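> The structure file my_file_27.cif (mmCIF, C-alpha atoms) is provided below.
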```cif
data_query
loop_
_atom_site.label_atom_id
_atom_site.label_comp_id
_atom_site.auth_asym_id
_atom_site.auth_seq_id
_atom_site.Cartn_x
_atom_site.Cartn_y
_atom_site.Cartn_z
CA MET A 1 10.97 -27.34 20.34
CA GLN A 2 12.14 -24.37 18.26
CA VAL A 3 10.78 -20.97 19.34
CA PRO A 4 11.93 -17.97 17.26
CA ILE A 5 12.21 -14.47 18.67
CA LEU A 6 9.94 -13.39 15.80
CA ASP A 7 8.23 -15.26 12.96
CA LEU A 8 7.09 -13.02 10.11
CA LYS A 9 6.15 -16.02 7.99
CA ARG A 10 3.29 -16.94 10.33
CA GLN A 11 1.89 -13.44 9.98
CA TYR A 12 2.22 -13.54 6.20
CA THR A 13 0.41 -16.88 6.06
CA ILE A 14 -2.57 -15.38 7.90
CA CYS A 15 -2.75 -12.29 5.66
CA LYS A 16 -1.43 -13.90 2.46
CA LYS A 17 -4.54 -13.56 0.31
CA GLU A 18 -5.21 -9.95 1.34
CA ILE A 19 -1.59 -8.94 0.80
CA GLU A 20 -1.29 -10.59 -2.58
CA GLU A 21 -4.49 -8.89 -3.75
CA ALA A 22 -3.19 -5.53 -2.51
CA ILE A 23 0.13 -5.96 -4.32
CA LYS A 24 -1.62 -7.12 -7.50
CA SER A 25 -3.74 -3.96 -7.46
CA VAL A 26 -0.60 -1.81 -7.37
CA PHE A 27 0.95 -3.78 -10.24
CA GLU A 28 -2.17 -3.34 -12.33
CA LYS A 29 -2.16 0.43 -11.82
CA CYS A 30 1.65 0.70 -12.17
CA ASN A 31 1.77 3.74 -9.88
CA PHE A 32 4.73 2.65 -7.81
CA ILE A 33 5.83 5.98 -6.27
CA LEU A 34 3.44 8.01 -4.09
CA GLY A 35 0.42 6.19 -5.50
CA GLU A 36 -3.06 6.49 -4.05
CA GLU A 37 -2.37 3.76 -1.47
CA VAL A 38 0.21 6.08 0.14
CA SER A 39 -2.39 8.82 0.57
CA ILE A 40 -4.95 6.34 1.89
CA LEU A 41 -2.42 4.99 4.38
CA GLU A 42 -1.64 8.52 5.57
CA LYS A 43 -5.33 9.21 6.17
CA LYS A 44 -6.05 5.91 7.88
CA PHE A 45 -2.94 5.90 10.08
CA SER A 46 -3.41 9.52 11.17
CA ALA A 47 -7.00 8.69 12.11
CA TYR A 48 -5.83 5.60 13.98
CA CYS A 49 -3.42 7.77 16.01
CA GLY A 50 -6.04 10.45 16.57
CA CYS A 51 -4.10 12.98 14.49
CA LYS A 52 -5.12 15.28 11.66
CA TYR A 53 -2.17 14.64 9.37
CA ALA A 54 0.40 12.01 8.45
CA VAL A 55 3.27 11.97 5.97
CA ALA A 56 4.68 8.62 4.82
CA VAL A 57 8.45 8.45 4.29
CA ALA A 58 11.13 5.90 3.49
CA SER A 59 12.13 4.88 7.04
CA GLY A 60 11.69 5.61 10.71
CA THR A 61 15.08 7.30 10.74
CA ASP A 62 13.96 9.63 7.95
CA ALA A 63 10.74 10.34 9.84
CA LEU A 64 12.79 11.58 12.80
CA GLU A 65 15.32 13.50 10.74
CA LEU A 66 12.85 15.24 8.42
CA THR A 67 10.61 16.17 11.35
CA LEU A 68 13.45 17.72 13.32
CA ARG A 69 14.61 19.56 10.24
CA ALA A 70 11.11 20.87 9.56
CA LEU A 71 10.99 22.13 13.15
CA GLY A 72 14.14 24.16 12.53
CA VAL A 73 16.73 21.95 14.23
CA GLY A 74 20.12 22.44 12.62
CA PHE A 75 23.84 22.88 13.08
CA GLY A 76 24.87 23.66 16.66
CA ASP A 77 21.45 22.99 18.17
CA GLU A 78 20.82 20.47 20.91
CA VAL A 79 18.11 17.84 21.20
CA ILE A 80 17.51 16.00 24.48
CA THR A 81 16.94 12.28 24.14
CA SER A 82 17.60 8.86 25.65
CA PRO A 83 20.86 6.89 25.41
CA PHE A 84 18.85 3.66 25.63
CA SER A 85 17.45 3.15 22.15
CA TYR A 86 18.45 2.01 18.70
CA ILE A 87 21.14 4.36 17.36
CA ALA A 88 18.80 5.74 14.67
CA THR A 89 17.25 7.98 17.34
CA SER A 90 20.45 9.95 17.80
CA VAL A 91 21.66 9.58 14.20
CA ALA A 92 18.63 11.56 13.07
CA ILE A 93 19.83 14.41 15.29
CA SER A 94 23.49 14.13 14.32
CA ASN A 95 22.72 14.08 10.59
CA LEU A 96 21.40 17.65 10.94
CA GLY A 97 24.62 18.87 12.55
CA ALA A 98 22.84 19.05 15.90
CA LYS A 99 23.99 17.40 19.12
CA PRO A 100 22.10 14.66 20.93
CA VAL A 101 22.13 15.47 24.63
CA PHE A 102 21.49 12.30 26.56
CA VAL A 103 19.51 11.97 29.77
CA ASP A 104 19.43 8.76 31.78
CA ILE A 105 16.35 6.56 31.91
CA ASP A 106 13.79 5.43 34.44
CA PRO A 107 14.79 2.01 35.85
CA ARG A 108 11.27 0.58 35.56
CA THR A 109 9.84 1.95 32.28
CA TYR A 110 13.23 2.34 30.52
CA THR A 111 11.95 5.64 29.08
CA ILE A 112 13.69 9.00 29.63
CA ASP A 113 13.85 10.04 33.28
CA ILE A 114 11.59 13.08 33.51
CA THR A 115 13.25 14.22 36.74
CA LYS A 116 16.56 14.75 34.94
CA ILE A 117 15.47 16.50 31.74
CA GLU A 118 15.37 20.09 33.00
CA LYS A 119 19.01 20.03 34.14
CA ALA A 120 20.03 19.14 30.59
CA ILE A 121 18.27 22.13 28.98
CA THR A 122 20.55 24.92 27.72
CA LYS A 123 20.20 27.95 25.46
CA LYS A 124 21.00 25.66 22.53
CA THR A 125 18.22 23.16 23.25
CA LYS A 126 15.58 23.11 20.52
CA ALA A 127 13.63 19.93 21.20
CA ILE A 128 13.00 16.93 23.42
CA LEU A 129 12.89 13.56 21.70
CA PRO A 130 11.46 10.93 24.09
CA VAL A 131 11.57 7.27 23.03
CA HIS A 132 8.59 5.00 23.68
CA ILE A 133 10.98 2.11 24.17
CA TYR A 134 9.84 -1.51 23.74
CA GLY A 135 6.27 -0.23 23.33
CA HIS A 136 5.97 1.60 26.70
CA PRO A 137 5.20 5.32 26.30
CA ALA A 138 7.28 7.96 28.02
CA ASN A 139 5.56 10.31 30.48
CA MET A 140 4.31 12.75 27.87
CA GLU A 141 2.38 14.93 30.32
CA LYS A 142 5.51 15.89 32.27
CA ILE A 143 7.61 16.17 29.10
CA ASN A 144 5.09 18.52 27.47
CA ASP A 145 4.95 20.63 30.63
CA LEU A 146 8.74 21.05 30.53
CA ALA A 147 8.69 21.80 26.82
CA LYS A 148 6.05 24.47 27.24
CA LYS A 149 7.95 26.03 30.12
CA HIS A 150 11.15 26.29 28.05
CA ASN A 151 9.54 26.87 24.63
CA LEU A 152 10.80 23.58 23.16
CA LYS A 153 9.42 21.24 20.53
CA VAL A 154 8.53 17.64 21.38
CA VAL A 155 9.01 14.84 18.85
CA GLU A 156 7.91 11.35 19.88
CA ASP A 157 10.10 8.47 18.77
CA ALA A 158 7.23 5.99 18.50
CA CYS A 159 9.08 3.59 16.21
CA GLN A 160 8.43 0.71 18.64
CA ALA A 161 5.03 1.83 19.87
CA HIS A 162 2.31 1.63 17.21
CA GLY A 163 -0.99 1.80 19.10
CA ALA A 164 0.50 2.45 22.52
CA GLU A 165 -1.42 4.89 24.69
CA PHE A 166 -0.72 7.45 27.39
CA ASN A 167 -3.68 8.61 29.49
CA GLY A 168 -6.06 7.05 26.99
CA LYS A 169 -4.59 8.76 23.93
CA LYS A 170 -2.50 7.03 21.31
CA VAL A 171 1.13 8.00 20.88
CA GLY A 172 1.96 10.00 17.79
CA GLY A 173 -0.34 12.87 18.66
CA LEU A 174 1.00 13.70 22.10
CA GLY A 175 3.76 16.12 21.04
CA HIS A 176 4.37 18.36 18.06
CA ALA A 177 4.89 15.24 15.95
CA GLY A 178 5.24 11.48 16.26
CA CYS A 179 7.61 9.32 14.23
CA PHE A 180 7.03 5.66 13.43
CA SER A 181 9.05 2.97 11.70
CA PHE A 182 7.54 0.33 9.43
CA TYR A 183 10.63 -1.89 9.51
CA PRO A 184 9.44 -5.50 9.03
CA SER A 185 9.88 -6.50 12.68
CA LYS A 186 7.81 -3.61 14.07
CA ASN A 187 4.29 -4.04 15.45
CA LEU A 188 3.09 -2.61 12.15
CA GLY A 189 5.77 -3.67 9.68
CA ALA A 190 6.15 -3.44 5.92
CA TYR A 191 8.00 -5.91 3.70
CA GLY A 192 10.91 -3.50 3.44
CA ASP A 193 11.79 -0.16 4.99
CA GLY A 194 9.24 2.56 5.65
CA GLY A 195 8.16 5.20 8.12
CA ILE A 196 5.56 7.86 8.81
CA VAL A 197 5.18 11.15 10.69
CA THR A 198 1.95 12.08 12.48
CA THR A 199 1.03 15.58 13.62
CA ASN A 200 -1.82 17.98 14.23
CA ASP A 201 0.17 20.86 12.71
CA GLU A 202 -0.81 21.35 9.07
CA SER A 203 2.11 23.60 8.18
CA LEU A 204 4.57 21.13 9.70
CA SER A 205 3.05 18.24 7.75
CA GLU A 206 3.28 20.21 4.49
CA LYS A 207 6.90 21.09 5.12
CA ILE A 208 7.79 17.43 5.78
CA ARG A 209 5.86 16.49 2.63
CA ILE A 210 8.10 18.83 0.63
CA PHE A 211 11.26 17.63 2.35
CA ARG A 212 10.50 13.97 1.57
CA ASN A 213 10.38 14.68 -2.15
CA CYS A 214 13.66 16.46 -2.94
CA GLY A 215 12.28 19.77 -1.71
CA ARG A 216 9.65 19.79 -4.44
CA LYS A 217 6.65 22.09 -4.15
CA SER A 218 5.30 21.44 -7.65
CA LYS A 219 6.47 19.25 -10.54
CA TYR A 220 9.56 21.26 -11.46
CA GLU A 221 9.67 23.77 -8.60
CA HIS A 222 12.03 22.86 -5.75
CA ILE A 223 12.12 25.29 -2.83
CA PHE A 224 14.48 23.37 -0.54
CA ILE A 225 17.59 21.27 -1.00
CA SER A 226 16.41 18.01 0.44
CA SER A 227 16.50 14.24 0.11
CA ASN A 228 14.37 11.57 -1.51
CA SER A 229 12.39 9.81 1.19
CA ARG A 230 9.23 8.48 -0.43
CA LEU A 231 7.35 5.40 0.73
CA ASP A 232 6.83 2.89 -2.09
CA THR A 233 3.21 2.35 -3.07
CA ILE A 234 3.60 -1.42 -2.71
CA GLN A 235 4.69 -1.00 0.91
CA ALA A 236 1.74 1.30 1.58
CA ALA A 237 -0.63 -1.31 0.14
CA ILE A 238 0.84 -4.00 2.40
CA LEU A 239 0.65 -1.72 5.42
CA LEU A 240 -3.01 -0.94 4.74
CA VAL A 241 -3.75 -4.66 4.98
CA LYS A 242 -1.76 -5.08 8.17
CA LEU A 243 -3.21 -1.93 9.74
CA ARG A 244 -6.62 -3.61 9.66
CA HIS A 245 -5.22 -6.34 11.92
CA LEU A 246 -3.13 -4.12 14.23
CA GLU A 247 -5.54 -3.91 17.17
CA GLU A 248 -6.06 -7.67 17.15
CA ALA A 249 -2.29 -8.18 17.02
CA THR A 250 -1.81 -5.74 19.90
CA ALA A 251 -4.36 -7.59 22.01
CA LEU A 252 -2.45 -10.82 21.39
CA ARG A 253 0.87 -9.23 22.37
CA ARG A 254 -0.67 -7.99 25.61
CA LYS A 255 -2.19 -11.42 26.25
CA HIS A 256 1.19 -13.07 25.72
CA ALA A 257 2.88 -10.60 28.07
CA ALA A 258 0.28 -11.29 30.77
CA MET A 259 0.87 -15.02 30.36
CA TYR A 260 4.63 -14.59 30.66
CA ASN A 261 4.10 -12.44 33.75
CA GLY A 262 1.96 -15.09 35.38
CA LEU A 263 4.26 -17.99 34.57
CA LEU A 264 7.39 -16.13 35.67
CA ASN A 265 5.93 -14.55 38.79
CA ASP A 266 7.62 -17.05 41.10
CA ILE A 267 11.13 -16.11 39.93
CA LYS A 268 10.71 -12.33 40.23
CA LYS A 269 13.55 -12.23 42.76
CA SER A 270 15.93 -13.42 40.05
CA VAL A 271 14.30 -11.88 36.99
CA GLN A 272 12.90 -8.38 36.63
CA LEU A 273 9.82 -8.55 34.44
CA PRO A 274 8.56 -5.72 32.21
CA PHE A 275 6.75 -2.91 34.03
CA GLU A 276 3.59 -1.21 32.79
CA SER A 277 2.63 2.15 34.28
CA LYS A 278 -1.00 2.53 35.28
CA ASP A 279 -1.50 5.45 32.87
CA VAL A 280 -0.29 3.66 29.72
CA ARG A 281 -1.19 0.89 27.32
CA HIS A 282 2.02 -1.02 26.67
CA VAL A 283 2.06 -2.71 23.24
CA TYR A 284 5.00 -5.04 23.93
CA HIS A 285 7.03 -4.61 20.78
CA LEU A 286 9.52 -6.51 22.90
CA TYR A 287 9.13 -8.55 26.05
CA ALA A 288 12.42 -7.68 27.73
CA ILE A 289 13.46 -9.04 31.10
CA GLN A 290 16.44 -8.07 33.25
CA ILE A 291 18.69 -10.87 34.38
CA SER A 292 22.18 -11.57 35.71
CA ASP A 293 24.47 -13.87 33.72
CA ARG A 294 22.57 -12.86 30.61
CA HIS A 295 24.94 -14.52 28.17
CA LYS A 296 24.83 -17.86 30.03
CA VAL A 297 21.05 -17.77 30.16
CA ALA A 298 20.80 -16.84 26.48
CA GLN A 299 23.13 -19.69 25.53
CA PHE A 300 21.14 -22.17 27.63
CA LEU A 301 17.91 -21.08 25.94
CA GLN A 302 19.52 -21.25 22.52
CA ASP A 303 20.60 -24.83 23.24
CA LYS A 304 16.95 -25.58 23.97
CA GLY A 305 15.84 -24.08 20.64
CA ILE A 306 14.74 -20.70 22.02
CA SER A 307 15.90 -17.52 20.27
CA THR A 308 16.58 -14.38 22.30
CA LEU A 309 18.12 -10.98 21.56
CA MET A 310 19.75 -8.19 23.57
CA HIS A 311 18.13 -4.79 23.10
CA TYR A 312 20.56 -2.98 23.46
CA PRO A 313 24.03 -4.23 24.55
CA ILE A 314 25.75 -0.86 24.02
CA PRO A 315 24.06 2.36 25.15
CA ILE A 316 24.32 5.02 22.47
CA HIS A 317 26.68 7.32 24.37
CA LEU A 318 29.26 4.49 24.50
CA GLU A 319 28.96 3.55 20.83
CA PRO A 320 32.22 4.07 18.86
CA ALA A 321 30.30 6.39 16.53
CA TYR A 322 29.88 8.85 19.43
CA GLU A 323 33.36 8.71 20.93
CA ASP A 324 34.03 12.31 19.84
CA TYR A 325 31.32 13.48 22.24
CA ASN A 326 33.56 12.48 25.15
CA TYR A 327 30.89 10.60 27.04
CA LYS A 328 32.30 7.96 29.36
CA LYS A 329 31.16 4.91 31.23
CA GLY A 330 29.33 5.99 34.36
CA ASP A 331 27.66 9.03 32.79
CA PHE A 332 24.28 7.30 32.58
CA PRO A 333 24.37 4.44 35.09
CA VAL A 334 20.81 3.21 34.70
CA ALA A 335 21.06 2.86 30.93
CA GLU A 336 24.48 1.23 31.28
CA ALA A 337 23.24 -1.28 33.87
CA LEU A 338 20.28 -2.20 31.71
CA SER A 339 22.47 -2.69 28.66
CA GLU A 340 24.25 -5.45 30.56
CA ARG A 341 21.12 -7.15 31.89
CA VAL A 342 18.30 -6.90 29.36
CA LEU A 343 17.26 -9.98 27.40
CA SER A 344 14.33 -10.08 24.97
CA LEU A 345 12.23 -13.25 24.94
CA PRO A 346 10.14 -14.42 21.96
CA MET A 347 7.24 -12.01 21.38
CA PHE A 348 4.97 -11.78 18.35
CA PRO A 349 1.18 -12.05 17.91
CA GLU A 350 1.22 -15.57 16.47
CA LEU A 351 3.19 -17.00 19.39
CA THR A 352 1.33 -19.95 20.95
CA ASP A 353 0.53 -20.67 24.57
CA ILE A 354 2.53 -23.89 24.30
CA GLU A 355 5.57 -21.92 23.16
CA ILE A 356 5.23 -19.37 25.95
CA LYS A 357 4.98 -22.15 28.52
CA TYR A 358 8.04 -23.85 27.04
CA VAL A 359 10.09 -20.62 27.09
CA SER A 360 9.05 -19.89 30.67
CA GLU A 361 9.88 -23.44 31.79
CA LYS A 362 13.32 -23.37 30.18
CA LEU A 363 14.04 -19.89 31.54
CA LYS A 364 13.38 -21.19 35.05
CA GLU A 365 15.76 -24.08 34.43
CA ALA A 366 18.38 -21.62 33.21
CA ILE A 367 18.01 -19.49 36.34
CA LYS A 368 18.58 -22.51 38.58
CA LEU A 369 21.69 -23.61 36.65
CA CYS A 370 23.17 -20.10 36.38
CA ALA A 371 22.38 -18.94 39.92
#
```
Could I get this structure in the form of structure tokens?

Amino acid sequence: MQVPILDLKRQYTICKKEIEEAIKSVFEKCNFILGEEVSILEKKFSAYCGCKYAVAVASGTDALELTLRALGVGFGDEVITSPFSYIATSVAISNLGAKPVFVDIDPRTYTIDITKIEKAITKKTKAILPVHIYGHPANMEKINDLAKKHNLKVVEDACQAHGAEFNGKKVGGLGHAGCFSFYPSKNLGAYGDGGIVTTNDESLSEKIRIFRNCGRKSKYEHIFISSNSRLDTIQAAILLVKLRHLEEATALRRKHAAMYNGLLNDIKKSVQLPFESKDVRHVYHLYAIQISDRHKVAQFLQDKGISTLMHYPIPIHLEPAYEDYNYKKGDFPVAEALSERVLSLPMFPELTDIEIKYVSEKLKEAIKLCA
């Protein structure tokens, strides 16, 4: 049996008619840049997140960078974030001439360790950028308390957490702004790059709106030097279709995770399963386990037709791109340990029970052989 880590074709097959009609509508109107579908998506996604405003941009990275810039983060400033994420999280900070200041992560949720944030705050700190990694929200209550105490901004990296909740409220509206990616593999993915910023701050949303369009306030009036980061109308049309199915897809991801948990319960001494805090709704962008002999297990599963991935094998502070920051191995031991043990199993809404049972069965065989 072949079980992919992700199968976008299955999703497309389900939504094919709706998507093709949406694309055809854009072609007929020929309004390919910032067309009405972009505005509709902004309204519908902000409402979905429980926010007043949303600004669609060209990528999740741009969402982070433009938001930080609009909040006044610039050269010489510091932004506290996690070293356990995709590098785009810190690149968005670095691109502004600011410094990402890393804080180690919680060993169960993999989100930023709230007990270690305050020690990292300096006079140069402008913001905290928590990452809702794998679809599990960070502890936004404690993070907001710290931010208020030290007069800092909070920007949620929710690129892997569309629809996730903390204390009954969806991510994206829990800080000053939330940033999402619409990369094809995300829980809500386009058929190309894309991103969006959500906020309850009208002035912030308007500033990001100007920044995304070459600093343009009106047709030939540009008040900032900025970049071009506009979401294509075709992508917005596709996302509007897929947004209608997001809650159903999330329910399926959670069902699959529960099934994995049940089937793998008897090997919990050898495999650490994903943890879900009682105050969150995890949306399982990834179903990531911790395991020894990860490479041997991955190879065994591959030989049995099962695809896996490692998210992420190099923590950001040890990436060659950040060698000038003089971080060293041992600085963030939890993140470093996880980077050597985490293995993502197949997880997508269209995954079947038969496939989950097969993956679980073969994982157990792998554990016995590699023990």
> Going by the chain IDs and residue numbers used in this file, which residues fall under the PyMOL selection byres ((chain A and resi 1) around 12)? Write them as a list in words.
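So the PyMOL selection byres ((chain A and resi 1) around 12), applied here, picks out Gln2, Val3, Pro4, Leu301, Gln302, Asp303, Lys304, Gly305, Ile306, Ser307, Ile354, Glu355, Ile356, Lys357, Tyr358, Val359 and Lys362 of chain A.
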> Could you spell out the hits of the PyMOL selection byres ((chain A and resi 335) around 12) on the shown file, as number ranges by chain?
A: 82-85, 102-113, 311-318, 329-334, 336-342
> Print the selection's residues with C-alpha atoms to a file, as a PDB file, in the frame of the given file.

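Written output follows (part_15.pdb):
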```pdb
ATOM      1  CA  SER A  82      17.600   8.860  25.650  1.00  0.00           C
ATOM      2  CA  PRO A  83      20.860   6.890  25.410  1.00  0.00           C
ATOM      3  CA  PHE A  84      18.850   3.660  25.630  1.00  0.00           C
ATOM      4  CA  SER A  85      17.450   3.150  22.150  1.00  0.00           C
ATOM      5  CA  PHE A 102      21.490  12.300  26.560  1.00  0.00           C
ATOM      6  CA  VAL A 103      19.510  11.970  29.770  1.00  0.00           C
ATOM      7  CA  ASP A 104      19.430   8.760  31.780  1.00  0.00           C
ATOM      8  CA  ILE A 105      16.350   6.560  31.910  1.00  0.00           C
ATOM      9  CA  ASP A 106      13.790   5.430  34.440  1.00  0.00           C
ATOM     10  CA  PRO A 107      14.790   2.010  35.850  1.00  0.00           C
ATOM     11  CA  ARG A 108      11.270   0.580  35.560  1.00  0.00           C
ATOM     12  CA  THR A 109       9.840   1.950  32.280  1.00  0.00           C
ATOM     13  CA  TYR A 110      13.230   2.340  30.520  1.00  0.00           C
ATOM     14  CA  THR A 111      11.950   5.640  29.080  1.00  0.00           C
ATOM     15  CA  ILE A 112      13.690   9.000  29.630  1.00  0.00           C
ATOM     16  CA  ASP A 113      13.850  10.040  33.280  1.00  0.00           C
ATOM     17  CA  HIS A 311      18.130  -4.790  23.100  1.00  0.00           C
ATOM     18  CA  TYR A 312      20.560  -2.980  23.460  1.00  0.00           C
ATOM     19  CA  PRO A 313      24.030  -4.230  24.550  1.00  0.00           C
ATOM     20  CA  ILE A 314      25.750  -0.860  24.020  1.00  0.00           C
ATOM     21  CA  PRO A 315      24.060   2.360  25.150  1.00  0.00           C
ATOM     22  CA  ILE A 316      24.320   5.020  22.470  1.00  0.00           C
ATOM     23  CA  HIS A 317      26.680   7.320  24.370  1.00  0.00           C
ATOM     24  CA  LEU A 318      29.260   4.490  24.500  1.00  0.00           C
ATOM     25  CA  LYS A 329      31.160   4.910  31.230  1.00  0.00           C
ATOM     26  CA  GLY A 330      29.330   5.990  34.360  1.00  0.00           C
ATOM     27  CA  ASP A 331      27.660   9.030  32.790  1.00  0.00           C
ATOM     28  CA  PHE A 332      24.280   7.300  32.580  1.00  0.00           C
ATOM     29  CA  PRO A 333      24.370   4.440  35.090  1.00  0.00           C
ATOM     30  CA  VAL A 334      20.810   3.210  34.700  1.00  0.00           C
ATOM     31  CA  GLU A 336      24.480   1.230  31.280  1.00  0.00           C
ATOM     32  CA  ALA A 337      23.240  -1.280  33.870  1.00  0.00           C
ATOM     33  CA  LEU A 338      20.280  -2.200  31.710  1.00  0.00           C
ATOM     34  CA  SER A 339      22.470  -2.690  28.660  1.00  0.00           C
ATOM     35  CA  GLU A 340      24.250  -5.450  30.560  1.00  0.00           C
ATOM     36  CA  ARG A 341      21.120  -7.150  31.890  1.00  0.00           C
ATOM     37  CA  VAL A 342      18.300  -6.900  29.360  1.00  0.00           C
TER      38      VAL A 342
END
```
> Work out how far apart atom CA of A:Thr250 and atom CA of A:Ala298 are and give it in Å to one decimal.
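Computed distance, atom CA of A:Thr250 to atom CA of A:Ala298, equals 26.0 Å.
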> Quick one: which residues end up in the PyMOL selection byres ((chain A and resi 100) around 8) for this structure, as a PyMOL selection string?
chain A and resi 78-81+90+93-94+98-99+101-102
> Please produce a file of the residues just selected, as a PDB file, in the coordinates of the input, where the atoms kept are C-alpha atoms.

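Written out: part.pdb:
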```
ATOM      1  CA  GLU A  78      20.820  20.470  20.910  1.00  0.00           C
ATOM      2  CA  VAL A  79      18.110  17.840  21.200  1.00  0.00           C
ATOM      3  CA  ILE A  80      17.510  16.000  24.480  1.00  0.00           C
ATOM      4  CA  THR A  81      16.940  12.280  24.140  1.00  0.00           C
ATOM      5  CA  SER A  90      20.450   9.950  17.800  1.00  0.00           C
ATOM      6  CA  ILE A  93      19.830  14.410  15.290  1.00  0.00           C
ATOM      7  CA  SER A  94      23.490  14.130  14.320  1.00  0.00           C
ATOM      8  CA  ALA A  98      22.840  19.050  15.900  1.00  0.00           C
ATOM      9  CA  LYS A  99      23.990  17.400  19.120  1.00  0.00           C
ATOM     10  CA  VAL A 101      22.130  15.470  24.630  1.00  0.00           C
ATOM     11  CA  PHE A 102      21.490  12.300  26.560  1.00  0.00           C
TER      12      PHE A 102
END
```
> Could you produce a table of the residues of stretch 245-326 of chain A lying within 12 Å of stretch 171-178 of chain A, with the nearest pair of atoms per residue and their separation in Å rounded to one decimal, using only C-alpha atoms, ordered by chain and increasing residue number, as CSV?

```
residue,atom,partner,partner_atom,distance
A:Val280,CA,A:Val171,CA,9.9
A:Arg281,CA,A:Val171,CA,9.9
A:His282,CA,A:Val171,CA,10.8
A:Val283,CA,A:Val171,CA,11.0
```
> Pick the closest to A:Thr115 from A:Leu146, A:Gly74, A:Ile238, A:Leu351: which is it, counting only C-alpha atoms?
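Smallest distance to A:Thr115 is found for A:Leu146.
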> As a list in words, please: the residues near A:Ile367 (cut-off 9 Å, all atoms listed in the file, same-chain neighbours under 6 positions excluded).
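The filter keeps Ile267, Ser270, Val271, Ile291, Ser292, Asp293 and Val297 of chain A.
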> Residues near A:Glu18, anyone? I mean within 10 Å using all atoms listed in the file, not counting same-chain ones fewer than 3 positions away, as a PyMOL selection string.
chain A and resi 12+14-15+21-24+237-238+240-242
> Considering all atoms listed in the file, tabulate each residue of stretch 13-131 of chain A that lies at most 12 Å from stretch 193-198 of chain A along with its nearest interatomic pair and the corresponding distance in Å to one decimal; arrange the rows by chain and ascending residue number and present them as a tab-separated table.

```
residue	atom	partner	partner_atom	distance
A:Val38	CA	A:Ile196	CA	10.3
A:Ser39	CA	A:Ile196	CA	11.5
A:Leu41	CA	A:Ile196	CA	9.6
A:Glu42	CA	A:Ile196	CA	7.9
A:Lys43	CA	A:Thr198	CA	10.1
A:Lys44	CA	A:Thr198	CA	11.1
A:Phe45	CA	A:Thr198	CA	8.2
A:Ser46	CA	A:Thr198	CA	6.1
A:Ala47	CA	A:Thr198	CA	9.6
A:Tyr48	CA	A:Thr198	CA	10.2
A:Cys49	CA	A:Thr198	CA	7.7
A:Gly50	CA	A:Thr198	CA	9.1
A:Cys51	CA	A:Thr198	CA	6.4
A:Lys52	CA	A:Thr198	CA	7.8
A:Tyr53	CA	A:Thr198	CA	5.8
A:Ala54	CA	A:Thr198	CA	4.3
A:Val55	CA	A:Val197	CA	5.2
A:Ala56	CA	A:Ile196	CA	4.2
A:Val57	CA	A:Gly195	CA	5.0
A:Ala58	CA	A:Gly194	CA	4.4
A:Ser59	CA	A:Gly194	CA	4.0
A:Gly60	CA	A:Gly195	CA	4.4
A:Thr61	CA	A:Gly195	CA	7.7
A:Asp62	CA	A:Gly195	CA	7.3
A:Ala63	CA	A:Val197	CA	5.7
A:Leu64	CA	A:Val197	CA	7.9
A:Glu65	CA	A:Val197	CA	10.4
A:Leu66	CA	A:Val197	CA	9.0
A:Thr67	CA	A:Val197	CA	7.4
A:Leu68	CA	A:Val197	CA	10.9
A:Ala70	CA	A:Val197	CA	11.4
```
> Grab the atom CA of A:Arg10 to atom CA of A:Glu361 distance for me, in Å with one decimal place.
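Straight-line distance from atom CA of A:Arg10 to atom CA of A:Glu361 works out to 23.4 Å.
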> Using atom CA of A:Thr13 and atom CA of A:Glu350 as the two end points, give the distance in Å to one decimal.
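Going from atom CA of A:Thr13 over to atom CA of A:Glu350, I get 10.5 Å.
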> For each of A:Ser360, A:Lys119, A:Glu323, A:Glu248, take the minimum atom-to-atom distance to A:Gly262, counting all atoms listed in the file, then give the residue where this is smallest.
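Closest candidate: A:Ser360.
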> Which of these, A:Glu365, A:Glu141, A:Asp157, A:Glu165, has the shortest distance to A:Cys179 once you count only C-alpha atoms?
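Closest residue, counting only C-alpha atoms: A:Asp157.
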> Output as AutoDock Vina command-line options the centre and edge lengths (Å, one decimal) of the box along x, y and z of the file that holds every listed atom of stretch 165-170 of chain A after adding 5 Å on each side.

```
--center_x -3.4 --center_y 6.8 --center_z 25.4 --size_x 15.3 --size_y 13.9 --size_z 18.2
```
> Which residue is closest to A:Gly168? Choose from A:Leu345, A:Leu204, A:Gly192, A:Asp279 and count all atoms listed in the file.
A:Asp279
> Here is a test: counting all atoms listed in the file, which residue of A:His136, A:Ile234, A:Asp145, A:Pro130 is nearest to A:Glu28?
A:Ile234
> So which one's closest to A:Tyr284, A:Tyr134, A:Tyr327, A:Phe166, A:Phe300? Using only C-alpha atoms, please.
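Counting only C-alpha atoms, the residue closest to A:Tyr284 is A:Tyr134.
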> Got a sec: who's within 6 Å of A:Ala127, counting all atoms listed in the file, leaving out chain neighbours fewer than 6 positions off, as an NGL selection string?
:A and (79 or 152-154)
> Within 9 Å of A:Lys186, counting all atoms listed in the file, which residues show up once you throw out same-chain ones fewer than 3 positions away? Write them as a ChimeraX atom specification, please.
/A:159-162,181-183,189-190,285
